[in-house]
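These notes concern the structure reproduced below.
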2 protein chains.
Amino acid sequence: MSYTKEQVDEHLNLLKGWTLVEERFIERKYVFYSFMKGISFVDEVATISEAFNHHPLITIDYKTVILRLTSWDEGYLTAIDMKEAQQYNEAFEKMCSNERKNVRQRS
Amino acid sequence: MSYTKEQVDEHLNLLKGWTLVEERFIERKYVFYSFMKGISFVDEVATISEAFNHHPLITIDYKTVILRLTSWDEGYLTAIDMKEAQQYNEAFEKMCSNERKNVRQRS
């Protein structure tokens with residue numbers, strides 16, 4: 001069942017970096033320090049979206065990866081979009097946190 | 001050195017599936033039988049573009065992967081765009097040909 005606009009706003013408040021665009025999508029831009037790091041993230045995104053059987057539109061513009069989600073079948077946004085966005089954020093945080101560990105170990 | 005419009009047209013005649021868009025990009029859509037097959041292709045695209053140090057804009061819309069190239073520094077299209085597009089085509093053909101072999105072996 002699709003969310004109301006109020007429910008979407010409520011969820012977006014808790015979803016770091018994601019915003020409502022074109023009235024029916026949620027979108028986030030993730031920026032990486034290298035092109036290949038962004039590609040690794042896209043591989044993680046692919047695994048997550050296969051598990052949900054719900055696929056975001058993915059744009060890779062050099063070191064920036066943009067993800068856009070909506071529930072086409074429901075004509076708007078649903079719980080699955082929010083859950084999936086949350087998992088993308090967790091995958092991103094995990095990658096960044098591993099990177100910080102590696103930098104500390106090298107220095 | 002950037003190509004003339006005539007040189008671009010000449011190269012595009014030999015470059016399967018690629019067309020000129022918005023007057024300064026060349027673009028091709030590759031369609032796969034699964035989302036994950038498209039992701040594997042993007043991984044190949046990433047390796048090729050790192051070798052050229054020249055990165056296409058990549059869009060993944062479920063089973064469709066769209067690549068778009070231009071030479072920003074030169075303000076138009078150059079030999080590198082055409083060479084790279086050719087390598088993407090070869091990677092795609094190789095994936096499709098391996099897939100055909102697998103289908104034959106399974107049947």
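Chains: A, B, ... in order of the structure tokens. Residues: from 1 per chain. Ligands: from 1, in order shown.
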Query raised in the report: Residues at most 8 Å from A:Ser49, counting only C-alpha atoms, excluding those fewer than 6 positions away in the same chain, as JSON, numbers by chain?
Result: {"A": [55, 56, 84]}
Given the selection you just returned, output its residues as a file containing C-alpha atoms, formatted as a PDB file, in the first residue's frame.
ATOM      1  CA  HIS A  55      15.495  -2.034  -8.529  1.00  0.00           C
ATOM      2  CA  PRO A  56      16.469   1.620  -8.260  1.00  0.00           C
ATOM      3  CA  GLU A  84      15.724  -0.328   0.684  1.00  0.00           C
TER       4      GLU A  84
END
Dump as CSV the rows for residues of chain A within 9 Å of chain B: closest atom pair and distance in Å with one decimal, only C-alpha atoms counted, ordered by chain and rising residue number.
residue,atom,partner,partner_atom,distance
A:Phe35,CA,B:Ala46,CA,8.2
A:Met36,CA,B:Ala46,CA,7.2
A:Ile39,CA,B:Asp43,CA,7.2
A:Ser40,CA,B:Asp43,CA,8.8
A:Val42,CA,B:Ile39,CA,8.3
A:Asp43,CA,B:Ile39,CA,7.2
A:Ala46,CA,B:Met36,CA,7.2
A:Thr47,CA,B:Met36,CA,8.5
A:Glu50,CA,B:Met36,CA,8.1
A:His55,CA,B:Tyr62,CA,6.2
A:Pro56,CA,B:Tyr62,CA,7.4
A:Leu57,CA,B:Asp61,CA,5.1
A:Ile58,CA,B:Ile60,CA,5.0
A:Thr59,CA,B:Thr59,CA,4.5
A:Ile60,CA,B:Ile58,CA,5.0
A:Asp61,CA,B:Leu57,CA,5.1
A:Tyr62,CA,B:His55,CA,6.2
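Take the candidates B:Trp18, B:Tyr3, B:Phe32, B:Phe41 and check each one against B:Ser71 using only C-alpha atoms; the shortest distance goes to B:Tyr3.
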Query raised in the report: Quick one: DSSP helix (DSSP H, G or I) residues in stretch 17-85 of chain A, as a ChimeraX atom specification?
Result: /A:35-52,72-74,79-85
How about saving the chosen residues, C-alpha atoms kept, as a short mmCIF file (atom, residue, chain, number, x, y, z; two decimals), in the first residue's frame?
data_model
loop_
_atom_site.label_atom_id
_atom_site.label_comp_id
_atom_site.auth_asym_id
_atom_site.auth_seq_id
_atom_site.Cartn_x
_atom_site.Cartn_y
_atom_site.Cartn_z
CA PHE A 35 35.39 6.06 -9.51
CA MET A 36 36.10 2.40 -8.63
CA LYS A 37 34.88 2.88 -5.06
CA GLY A 38 31.58 4.10 -6.51
CA ILE A 39 31.46 0.99 -8.72
CA SER A 40 31.98 -1.25 -5.65
CA PHE A 41 29.06 0.53 -4.01
CA VAL A 42 26.90 -0.10 -7.10
CA ASP A 43 27.74 -3.81 -6.79
CA GLU A 44 26.44 -3.72 -3.20
CA VAL A 45 23.36 -1.80 -4.32
CA ALA A 46 22.72 -4.48 -6.96
CA THR A 47 22.86 -7.30 -4.38
CA ILE A 48 20.48 -5.45 -2.05
CA SER A 49 18.01 -4.63 -4.83
CA GLU A 50 18.01 -8.24 -6.06
CA ALA A 51 17.17 -9.39 -2.51
CA PHE A 52 14.23 -6.95 -2.46
CA TRP A 72 5.76 1.89 -10.01
CA ASP A 73 3.07 -0.73 -9.30
CA GLU A 74 1.62 1.35 -6.48
CA ALA A 79 7.55 0.95 2.78
CA ILE A 80 9.82 -1.09 0.48
CA ASP A 81 11.38 2.09 -0.97
CA MET A 82 12.17 3.38 2.51
CA LYS A 83 13.54 0.04 3.76
CA GLU A 84 15.72 -0.33 0.68
CA ALA A 85 17.01 3.26 0.93
#
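What separates atom CA of B:Arg24 from atom CA of B:Tyr76 is a distance of 5.5 Å.
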**Report entry** One-decimal distance in Å that lies between atom CA of B:Lys101 and atom CA of B:Gly17
**Finding:**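 These atoms are spaced 23.0 Å apart.
Note that the spacing between atom CA of A:Thr19 and atom CA of A:Leu77 amounts to 12.1 Å.
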Taking the DSSP secondary structure from the backbone, can you list the residues of stretch 5-90 of chain B that are strand (DSSP E or B), as a tab-separated table (two decimals) with N, CA, C and O atoms, in the first residue's frame?
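Final file, selection-v2.tsv:
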chain	number	residue	atom	x	y	z
B	19	THR	N	24.81	6.42	-31.22
B	19	THR	CA	24.28	7.57	-31.96
B	19	THR	C	24.73	8.87	-31.29
B	19	THR	O	25.10	8.88	-30.10
B	20	LEU	N	24.67	9.94	-32.05
B	20	LEU	CA	25.01	11.26	-31.51
B	20	LEU	C	23.78	11.82	-30.80
B	20	LEU	O	22.68	11.80	-31.35
B	21	VAL	N	23.96	12.28	-29.55
B	21	VAL	CA	22.83	12.90	-28.84
B	21	VAL	C	23.25	14.25	-28.26
B	21	VAL	O	24.40	14.44	-27.88
B	25	PHE	N	27.45	14.36	-27.37
B	25	PHE	CA	27.67	13.05	-26.75
B	25	PHE	C	27.44	11.95	-27.78
B	25	PHE	O	26.65	12.12	-28.71
B	26	ILE	N	28.10	10.80	-27.57
B	26	ILE	CA	27.65	9.59	-28.25
B	26	ILE	C	27.07	8.67	-27.18
B	26	ILE	O	27.52	8.67	-26.02
B	27	GLU	N	26.04	7.93	-27.57
B	27	GLU	CA	25.28	7.14	-26.58
B	27	GLU	C	24.87	5.79	-27.17
B	27	GLU	O	24.56	5.71	-28.36
B	28	ARG	N	24.90	4.76	-26.32
B	28	ARG	CA	24.31	3.47	-26.72
B	28	ARG	C	23.56	2.84	-25.55
B	28	ARG	O	24.01	2.93	-24.40
B	29	LYS	N	22.42	2.22	-25.87
B	29	LYS	CA	21.66	1.45	-24.87
B	29	LYS	C	21.95	-0.02	-25.09
B	29	LYS	O	21.82	-0.51	-26.21
B	30	TYR	N	22.33	-0.71	-24.03
B	30	TYR	CA	22.56	-2.15	-24.07
B	30	TYR	C	21.47	-2.81	-23.23
B	30	TYR	O	21.27	-2.42	-22.07
B	31	VAL	N	20.79	-3.80	-23.81
B	31	VAL	CA	19.71	-4.47	-23.06
B	31	VAL	C	20.12	-5.90	-22.71
B	31	VAL	O	20.63	-6.62	-23.57
B	57	LEU	N	29.23	8.49	-18.70
B	57	LEU	CA	28.07	8.57	-17.81
B	57	LEU	C	27.33	7.25	-17.97
B	57	LEU	O	27.06	6.82	-19.11
B	58	ILE	N	27.04	6.60	-16.86
B	58	ILE	CA	26.41	5.27	-16.89
B	58	ILE	C	25.03	5.36	-16.23
B	58	ILE	O	24.93	5.85	-15.10
B	59	THR	N	24.00	4.89	-16.91
B	59	THR	CA	22.68	4.81	-16.31
B	59	THR	C	22.21	3.36	-16.35
B	59	THR	O	22.29	2.72	-17.40
B	60	ILE	N	21.75	2.87	-15.20
B	60	ILE	CA	21.24	1.49	-15.14
B	60	ILE	C	19.75	1.57	-14.81
B	60	ILE	O	19.37	1.95	-13.70
B	61	ASP	N	18.94	1.24	-15.80
B	61	ASP	CA	17.48	1.29	-15.63
B	61	ASP	C	16.98	-0.16	-15.77
B	61	ASP	O	16.68	-0.62	-16.87
B	64	THR	N	18.41	-2.40	-18.62
B	64	THR	CA	19.01	-1.56	-19.66
B	64	THR	C	20.18	-0.75	-19.08
B	64	THR	O	20.02	-0.12	-18.03
B	65	VAL	N	21.31	-0.80	-19.76
B	65	VAL	CA	22.47	0.01	-19.36
B	65	VAL	C	22.73	1.02	-20.49
B	65	VAL	O	22.86	0.63	-21.65
B	66	ILE	N	22.76	2.29	-20.14
B	66	ILE	CA	22.99	3.33	-21.13
B	66	ILE	C	24.35	3.98	-20.86
B	66	ILE	O	24.62	4.41	-19.74
B	67	LEU	N	25.19	4.02	-21.88
B	67	LEU	CA	26.50	4.67	-21.76
B	67	LEU	C	26.53	5.91	-22.62
B	67	LEU	O	26.03	5.90	-23.76
B	68	ARG	N	27.13	6.95	-22.08
B	68	ARG	CA	27.22	8.22	-22.81
B	68	ARG	C	28.64	8.76	-22.67
B	68	ARG	O	29.16	8.85	-21.56
B	69	LEU	N	29.23	9.11	-23.78
B	69	LEU	CA	30.64	9.57	-23.78
B	69	LEU	C	30.79	10.94	-24.43
B	69	LEU	O	30.10	11.24	-25.41
B	71	SER	N	34.28	14.14	-24.75
B	71	SER	CA	35.57	14.59	-24.23
B	71	SER	C	35.40	16.03	-23.74
B	71	SER	O	35.51	16.98	-24.52
B	76	TYR	N	34.24	18.54	-27.34
B	76	TYR	CA	33.47	17.76	-28.32
B	76	TYR	C	33.95	16.31	-28.24
B	76	TYR	O	34.49	15.88	-27.22
